[in-house]
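Here is the structure we will look at.
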Amino acid sequence: MTQTAIITGGTGGVGLATAAILGRDHHVVLADLDGERLDAAAEELSTAGVGASTAVCDITDRTSVENLFAAAARTGRVRAVVHTAGVSPLMGSPERIIRINALGTVHVTEAALAAAGPGSALVSVSSMAGHMLPSPLLPRRAFRHALTNPARMTASLTRLATLGPGAAGPGTAYSLSKAFVIWYTAAMAASFGEKGARALTVSPGSFDTDMGRLEKASGSERMLDFAALKRFGRPEEIAELLAFCAGERAGYLTGTDVLCDGGTIAGLTLKGMIAMARGR
């Protein structure tokens, strides 16, 4: 039976690079909001000899996500899901960021769990920003609402993101949403395990993608001051990691986060975090 891999955010640099790798032994289903970009991405993969189909999908809409998985199931067994779809602090309001990054992850995770079987895997993309909130400050009570009432989780995190100065809202929402992705995926790992499946997250640092270049406008390059590797990562570097984590060779890797940030978090001190927050 054909094995299928779903890639959300499949037209982005990381999603498309991951699809090219998984497409060596999977039929790939690319999902995104823009149909024209999806067609162009599928054509690019086809030229490289990768079989791909596409599905327009709004991850904030549960029915849209369920339709994506139903379409993918018609191409073969959905063995891998790599969830790269998301937005950065410069791409919307706190409410939009929480809905896409946090609520969208709930929808994709629930659909992946429903489709899961022995050997399948869900890999959701978080961010090194998800590691920047000190553990005692994580709003776990708000996070836990996702297990029973995702709408309440969305409202709670949006409210928390807007408590401070307005200009800080999108950045706070982004960090909260990515910390949530790590927490929620770990919390769901046991449910996947009951079906012989895996769920984990990968947290990239600064990568040379369209989104990464957009974030340079907000000073993301300053993070390189703290990194062990003084450069942005290449899309193919994170794609190799995502494909490995989603692959069958990583069969005992679940319920955890893999940080791939060039050593940034390892070198980021409290003093450095304060300086970043102040824009210095």
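Each chain in the structure tokens gets a letter, A, B and so on, in the order shown; residues start at 1 in every chain, and ligands are counted from 1 in the order they appear.
For segment 19-23 of chain A, the non-local neighbours within 8 Å, defined as residues at least 2 positions apart in the same chain or in other chains and counting only C-alpha atoms, are Ala5, Ile7, Gly10, Gly15, Leu16, Ala17, Asp25, His26, His27, Val28, Leu30, Leu45, Ala48, Val50, Gly51, Ala52, Ala239, Glu240 and Ala243 of chain A.
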Next, dump the selected residues to file, keeping only all heavy atoms, as a tab-separated table (two decimals), in the first residue's frame.
chain	number	residue	atom	x	y	z
A	5	ALA	N	2.54	11.11	3.02
A	5	ALA	CA	3.00	12.09	4.00
A	5	ALA	C	2.28	13.40	3.74
A	5	ALA	O	2.28	13.90	2.61
A	5	ALA	CB	4.50	12.29	3.91
A	7	ILE	N	2.16	17.38	4.41
A	7	ILE	CA	3.01	18.50	4.82
A	7	ILE	C	2.14	19.74	4.88
A	7	ILE	O	1.72	20.26	3.84
A	7	ILE	CB	4.18	18.75	3.83
A	7	ILE	CG1	4.86	17.45	3.42
A	7	ILE	CG2	5.16	19.76	4.43
A	7	ILE	CD1	5.69	16.82	4.50
A	10	GLY	N	2.98	23.55	3.14
A	10	GLY	CA	3.81	22.86	2.17
A	10	GLY	C	4.41	23.71	1.08
A	10	GLY	O	5.26	23.23	0.33
A	15	GLY	N	8.74	23.53	4.43
A	15	GLY	CA	7.77	22.51	4.06
A	15	GLY	C	8.11	21.87	2.73
A	15	GLY	O	8.05	20.64	2.58
A	16	LEU	N	8.46	22.68	1.74
A	16	LEU	CA	8.76	22.16	0.42
A	16	LEU	C	10.05	21.34	0.43
A	16	LEU	O	10.13	20.29	-0.22
A	16	LEU	CB	8.89	23.32	-0.57
A	16	LEU	CG	8.91	22.97	-2.06
A	16	LEU	CD1	7.70	22.15	-2.45
A	16	LEU	CD2	8.96	24.26	-2.89
A	17	ALA	N	11.06	21.78	1.17
A	17	ALA	CA	12.30	21.02	1.27
A	17	ALA	C	12.07	19.68	1.96
A	17	ALA	O	12.65	18.65	1.59
A	17	ALA	CB	13.35	21.83	2.03
A	25	ASP	N	10.08	8.22	-0.75
A	25	ASP	CA	9.41	6.94	-0.50
A	25	ASP	C	7.98	7.12	0.01
A	25	ASP	O	7.41	6.21	0.59
A	25	ASP	CB	10.21	6.07	0.48
A	25	ASP	CG	10.55	6.79	1.77
A	25	ASP	OD1	10.04	7.91	2.00
A	25	ASP	OD2	11.33	6.24	2.56
A	26	HIS	N	7.41	8.30	-0.19
A	26	HIS	CA	6.01	8.57	0.16
A	26	HIS	C	5.36	9.33	-0.99
A	26	HIS	O	6.03	10.07	-1.72
A	26	HIS	CB	5.88	9.45	1.41
A	26	HIS	CG	6.30	8.81	2.69
A	26	HIS	ND1	7.62	8.59	3.03
A	26	HIS	CD2	5.57	8.34	3.74
A	26	HIS	CE1	7.68	8.02	4.22
A	26	HIS	NE2	6.46	7.87	4.68
A	27	HIS	N	4.06	9.17	-1.10
A	27	HIS	CA	3.30	10.14	-1.87
A	27	HIS	C	3.09	11.34	-0.95
A	27	HIS	O	2.70	11.18	0.22
A	27	HIS	CB	1.95	9.59	-2.31
A	27	HIS	CG	1.11	10.61	-3.01
A	27	HIS	ND1	1.29	10.93	-4.33
A	27	HIS	CD2	0.11	11.42	-2.55
A	27	HIS	CE1	0.44	11.88	-4.68
A	27	HIS	NE2	-0.29	12.20	-3.62
A	28	VAL	N	3.35	12.53	-1.46
A	28	VAL	CA	3.28	13.73	-0.62
A	28	VAL	C	2.00	14.51	-0.92
A	28	VAL	O	1.65	14.72	-2.09
A	28	VAL	CB	4.51	14.63	-0.88
A	28	VAL	CG1	4.36	15.96	-0.15
A	28	VAL	CG2	5.78	13.93	-0.41
A	30	LEU	N	0.66	18.17	-0.20
A	30	LEU	CA	1.00	19.52	0.26
A	30	LEU	C	-0.27	20.26	0.62
A	30	LEU	O	-1.23	20.29	-0.16
A	30	LEU	CB	1.73	20.29	-0.83
A	30	LEU	CG	3.03	19.72	-1.39
A	30	LEU	CD1	3.56	20.62	-2.52
A	30	LEU	CD2	4.07	19.59	-0.29
A	45	LEU	N	8.09	19.93	-7.37
A	45	LEU	CA	8.38	18.57	-6.89
A	45	LEU	C	8.31	17.56	-8.04
A	45	LEU	O	9.13	16.65	-8.13
A	45	LEU	CB	7.41	18.18	-5.79
A	45	LEU	CG	7.57	18.89	-4.45
A	45	LEU	CD1	6.46	18.47	-3.49
A	45	LEU	CD2	8.93	18.59	-3.82
A	48	ALA	N	11.31	17.36	-9.99
A	48	ALA	CA	12.37	16.65	-9.27
A	48	ALA	C	12.06	15.16	-9.12
A	48	ALA	O	12.79	14.43	-8.44
A	48	ALA	CB	12.58	17.28	-7.89
A	50	VAL	N	9.24	13.83	-7.74
A	50	VAL	CA	8.49	13.53	-6.53
A	50	VAL	C	7.00	13.60	-6.82
A	50	VAL	O	6.50	14.63	-7.32
A	50	VAL	CB	8.85	14.50	-5.39
A	50	VAL	CG1	7.94	14.28	-4.17
A	50	VAL	CG2	10.30	14.36	-5.00
A	51	GLY	N	6.27	12.53	-6.52
A	51	GLY	CA	4.84	12.53	-6.72
A	51	GLY	C	4.14	13.31	-5.62
A	51	GLY	O	4.34	13.03	-4.44
A	52	ALA	N	3.33	14.29	-6.00
A	52	ALA	CA	2.67	15.13	-4.99
A	52	ALA	C	1.28	15.52	-5.46
A	52	ALA	O	1.04	15.72	-6.65
A	52	ALA	CB	3.50	16.39	-4.71
A	239	ALA	N	15.01	20.63	7.13
A	239	ALA	CA	14.19	19.65	6.43
A	239	ALA	C	14.72	18.23	6.66
A	239	ALA	O	13.93	17.29	6.84
A	239	ALA	CB	14.15	19.96	4.93
A	240	GLU	N	16.03	18.06	6.65
A	240	GLU	CA	16.61	16.74	6.90
A	240	GLU	C	16.23	16.24	8.29
A	240	GLU	O	15.93	15.06	8.48
A	240	GLU	CB	18.13	16.79	6.75
A	240	GLU	CG	18.63	16.94	5.33
A	240	GLU	CD	18.53	15.65	4.52
A	240	GLU	OE1	18.12	14.61	5.07
A	240	GLU	OE2	18.87	15.68	3.32
A	243	ALA	N	12.41	15.35	8.32
A	243	ALA	CA	12.16	14.10	7.61
A	243	ALA	C	12.65	12.90	8.42
A	243	ALA	O	11.99	11.85	8.46
A	243	ALA	CB	12.83	14.14	6.24
### Message
Which residues are close to Phe192 of chain A, i.e. within 10 Å by only C-alpha atoms, leaving aside same-chain residues fewer than 5 positions away? Reply as an MDAnalysis selection string.
### Response
chainID A and resid 109 112:114 116:118 120:122 185 187 197:199 254:255
Export, as a JSON list (two decimals), in the first residue's frame, the selected residues with N, CA, C and O atoms.
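The resulting out-v4.json:
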[["chain", "number", "residue", "atom", "x", "y", "z"],
["A", 109, "THR", "N", -3.26, 17.94, 15.10],
["A", 109, "THR", "CA", -2.92, 16.83, 16.00],
["A", 109, "THR", "C", -4.09, 15.87, 16.17],
["A", 109, "THR", "O", -3.92, 14.65, 16.12],
["A", 112, "ALA", "N", -4.46, 13.91, 13.01],
["A", 112, "ALA", "CA", -3.37, 12.94, 12.87],
["A", 112, "ALA", "C", -3.58, 11.76, 13.81],
["A", 112, "ALA", "O", -3.29, 10.61, 13.45],
["A", 113, "LEU", "N", -4.07, 12.02, 15.02],
["A", 113, "LEU", "CA", -4.33, 10.94, 15.96],
["A", 113, "LEU", "C", -5.43, 10.02, 15.45],
["A", 113, "LEU", "O", -5.33, 8.79, 15.56],
["A", 114, "ALA", "N", -6.46, 10.59, 14.87],
["A", 114, "ALA", "CA", -7.56, 9.77, 14.34],
["A", 114, "ALA", "C", -7.06, 8.87, 13.21],
["A", 114, "ALA", "O", -7.56, 7.75, 13.04],
["A", 116, "ALA", "N", -3.89, 7.80, 12.93],
["A", 116, "ALA", "CA", -2.64, 7.12, 13.33],
["A", 116, "ALA", "C", -2.80, 5.62, 13.42],
["A", 116, "ALA", "O", -3.86, 5.09, 13.74],
["A", 117, "GLY", "N", -1.69, 4.96, 13.15],
["A", 117, "GLY", "CA", -1.60, 3.50, 13.30],
["A", 117, "GLY", "C", -0.16, 3.15, 13.59],
["A", 117, "GLY", "O", 0.70, 4.03, 13.71],
["A", 118, "PRO", "N", 0.14, 1.87, 13.74],
["A", 118, "PRO", "CA", 1.51, 1.45, 14.04],
["A", 118, "PRO", "C", 2.52, 2.01, 13.04],
["A", 118, "PRO", "O", 2.34, 1.91, 11.83],
["A", 120, "SER", "N", 3.22, 5.19, 12.44],
["A", 120, "SER", "CA", 2.99, 6.53, 11.93],
["A", 120, "SER", "C", 3.55, 7.58, 12.88],
["A", 120, "SER", "O", 3.85, 7.30, 14.04],
["A", 121, "ALA", "N", 3.71, 8.80, 12.37],
["A", 121, "ALA", "CA", 4.35, 9.85, 13.17],
["A", 121, "ALA", "C", 3.82, 11.22, 12.80],
["A", 121, "ALA", "O", 3.52, 11.50, 11.64],
["A", 122, "LEU", "N", 3.69, 12.05, 13.82],
["A", 122, "LEU", "CA", 3.37, 13.47, 13.68],
["A", 122, "LEU", "C", 4.56, 14.26, 14.19],
["A", 122, "LEU", "O", 4.99, 14.07, 15.33],
["A", 185, "THR", "N", 1.97, 18.80, 22.34],
["A", 185, "THR", "CA", 2.41, 17.60, 21.63],
["A", 185, "THR", "C", 2.93, 16.56, 22.60],
["A", 185, "THR", "O", 2.64, 15.36, 22.47],
["A", 187, "ALA", "N", 1.98, 16.29, 25.67],
["A", 187, "ALA", "CA", 0.81, 15.80, 26.41],
["A", 187, "ALA", "C", 0.02, 14.78, 25.61],
["A", 187, "ALA", "O", -0.64, 13.90, 26.18],
["A", 197, "ALA", "N", 1.97, 4.78, 17.53],
["A", 197, "ALA", "CA", 2.41, 5.93, 16.74],
["A", 197, "ALA", "C", 3.21, 6.90, 17.61],
["A", 197, "ALA", "O", 3.25, 6.77, 18.84],
["A", 198, "ARG", "N", 3.81, 7.89, 16.96],
["A", 198, "ARG", "CA", 4.67, 8.84, 17.67],
["A", 198, "ARG", "C", 4.20, 10.27, 17.41],
["A", 198, "ARG", "O", 3.61, 10.57, 16.37],
["A", 199, "ALA", "N", 4.52, 11.17, 18.37],
["A", 199, "ALA", "CA", 4.26, 12.60, 18.21],
["A", 199, "ALA", "C", 5.37, 13.36, 18.91],
["A", 199, "ALA", "O", 5.67, 13.10, 20.08],
["A", 254, "THR", "N", 9.74, 10.08, 20.62],
["A", 254, "THR", "CA", 8.39, 10.61, 20.79],
["A", 254, "THR", "C", 8.26, 11.37, 22.09],
["A", 254, "THR", "O", 9.09, 11.22, 23.01],
["A", 255, "GLY", "N", 7.25, 12.23, 22.17],
["A", 255, "GLY", "CA", 6.97, 12.95, 23.40],
["A", 255, "GLY", "C", 8.03, 13.95, 23.81],
["A", 255, "GLY", "O", 8.09, 14.35, 24.97]]
Within 9 Å of Gly262 of chain A using only C-alpha atoms, minus same-chain residues under 2 positions, as a PDB file with C-alpha atoms, in the first residue's frame:
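The result, written out as out01.pdb:
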ATOM      1  CA  PRO A 204      14.077  25.670  14.689  1.00  0.00           C
ATOM      2  CA  GLY A 205      16.127  28.768  15.316  1.00  0.00           C
ATOM      3  CA  SER A 206      16.789  31.401  12.635  1.00  0.00           C
ATOM      4  CA  LEU A 224      23.089  35.335  16.150  1.00  0.00           C
ATOM      5  CA  ALA A 227      24.510  31.508  18.763  1.00  0.00           C
ATOM      6  CA  ALA A 228      27.396  29.063  18.559  1.00  0.00           C
ATOM      7  CA  LEU A 229      27.027  29.091  14.758  1.00  0.00           C
ATOM      8  CA  LYS A 230      27.058  32.692  13.531  1.00  0.00           C
ATOM      9  CA  ARG A 231      24.741  32.196  10.566  1.00  0.00           C
ATOM     10  CA  PHE A 232      21.165  31.472   9.634  1.00  0.00           C
ATOM     11  CA  GLY A 233      20.339  27.832   9.062  1.00  0.00           C
ATOM     12  CA  LEU A 259      15.945  22.062  19.420  1.00  0.00           C
ATOM     13  CA  CYS A 260      17.804  22.984  16.210  1.00  0.00           C
ATOM     14  CA  THR A 264      21.328  30.053  20.310  1.00  0.00           C
ATOM     15  CA  ILE A 265      19.379  29.025  23.406  1.00  0.00           C
ATOM     16  CA  ALA A 266      22.523  27.505  24.900  1.00  0.00           C
TER      17      ALA A 266
END
Exercise: Ile59 of chain A partners within 8 Å, only C-alpha atoms, chain neighbours under 2 positions left out, as a PDB file with C-alpha atoms, in the first residue's frame:
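Written output follows (out-v4.pdb):
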ATOM      1  CA  CYS A  57      -6.536  23.882   3.868  1.00  0.00           C
ATOM      2  CA  ASP A  61     -10.973  25.370  10.606  1.00  0.00           C
ATOM      3  CA  ARG A  62     -11.369  21.856  11.996  1.00  0.00           C
ATOM      4  CA  SER A  64     -10.993  21.946   6.598  1.00  0.00           C
ATOM      5  CA  VAL A  65      -8.316  19.893   8.356  1.00  0.00           C
ATOM      6  CA  ILE A 100      -3.018  29.692  13.635  1.00  0.00           C
ATOM      7  CA  GLY A 104      -4.254  25.072  14.258  1.00  0.00           C
ATOM      8  CA  THR A 105      -1.888  22.625  15.935  1.00  0.00           C
ATOM      9  CA  HIS A 107      -6.769  20.571  14.828  1.00  0.00           C
ATOM     10  CA  VAL A 108      -3.865  18.938  12.966  1.00  0.00           C
TER      11      VAL A 108
END
### Task
Apply DSSP to the backbone of this structure and, from segment 106-225 of chain A, keep only the residues in strand (DSSP E or B); write these as a PyMOL selection string.
chain A and resi 121-125+198-204+207
### Per-residue DSSP, segment 98-163 of chain A, filtered to alpha helix (DSSP H), as a ChimeraX atom specification
/A:98,104-115,140-144,150-161
### Task
Would you mind listing what lies within 12 Å of Gly13 of chain A as a list in words, with only C-alpha atoms counted and same-chain residues fewer than 4 positions away left out?
Ile7, Thr8, Gly9, Ala17, Thr18, Ala19, Ala20, Arg37, Ala41, Thr84, Ala85, Phe207, Asp208, Thr209, Asp210, Met211, Gly212, Arg213, Gly233, Arg234, Pro235, Glu236, Glu237, Ile238 and Ala239 of chain A
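Shortest atom-to-atom contact with Phe143 of chain A among A:Leu268, A:Ala189, A:Met223, A:Ile98: A:Ile98, counting only C-alpha atoms.
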### Task
Check the smallest atom-to-atom distance from each of A:Thr256, A:Thr47, A:Ser135, A:Thr269 to Val123 of chain A using only C-alpha atoms, then report the winner.
A:Thr256
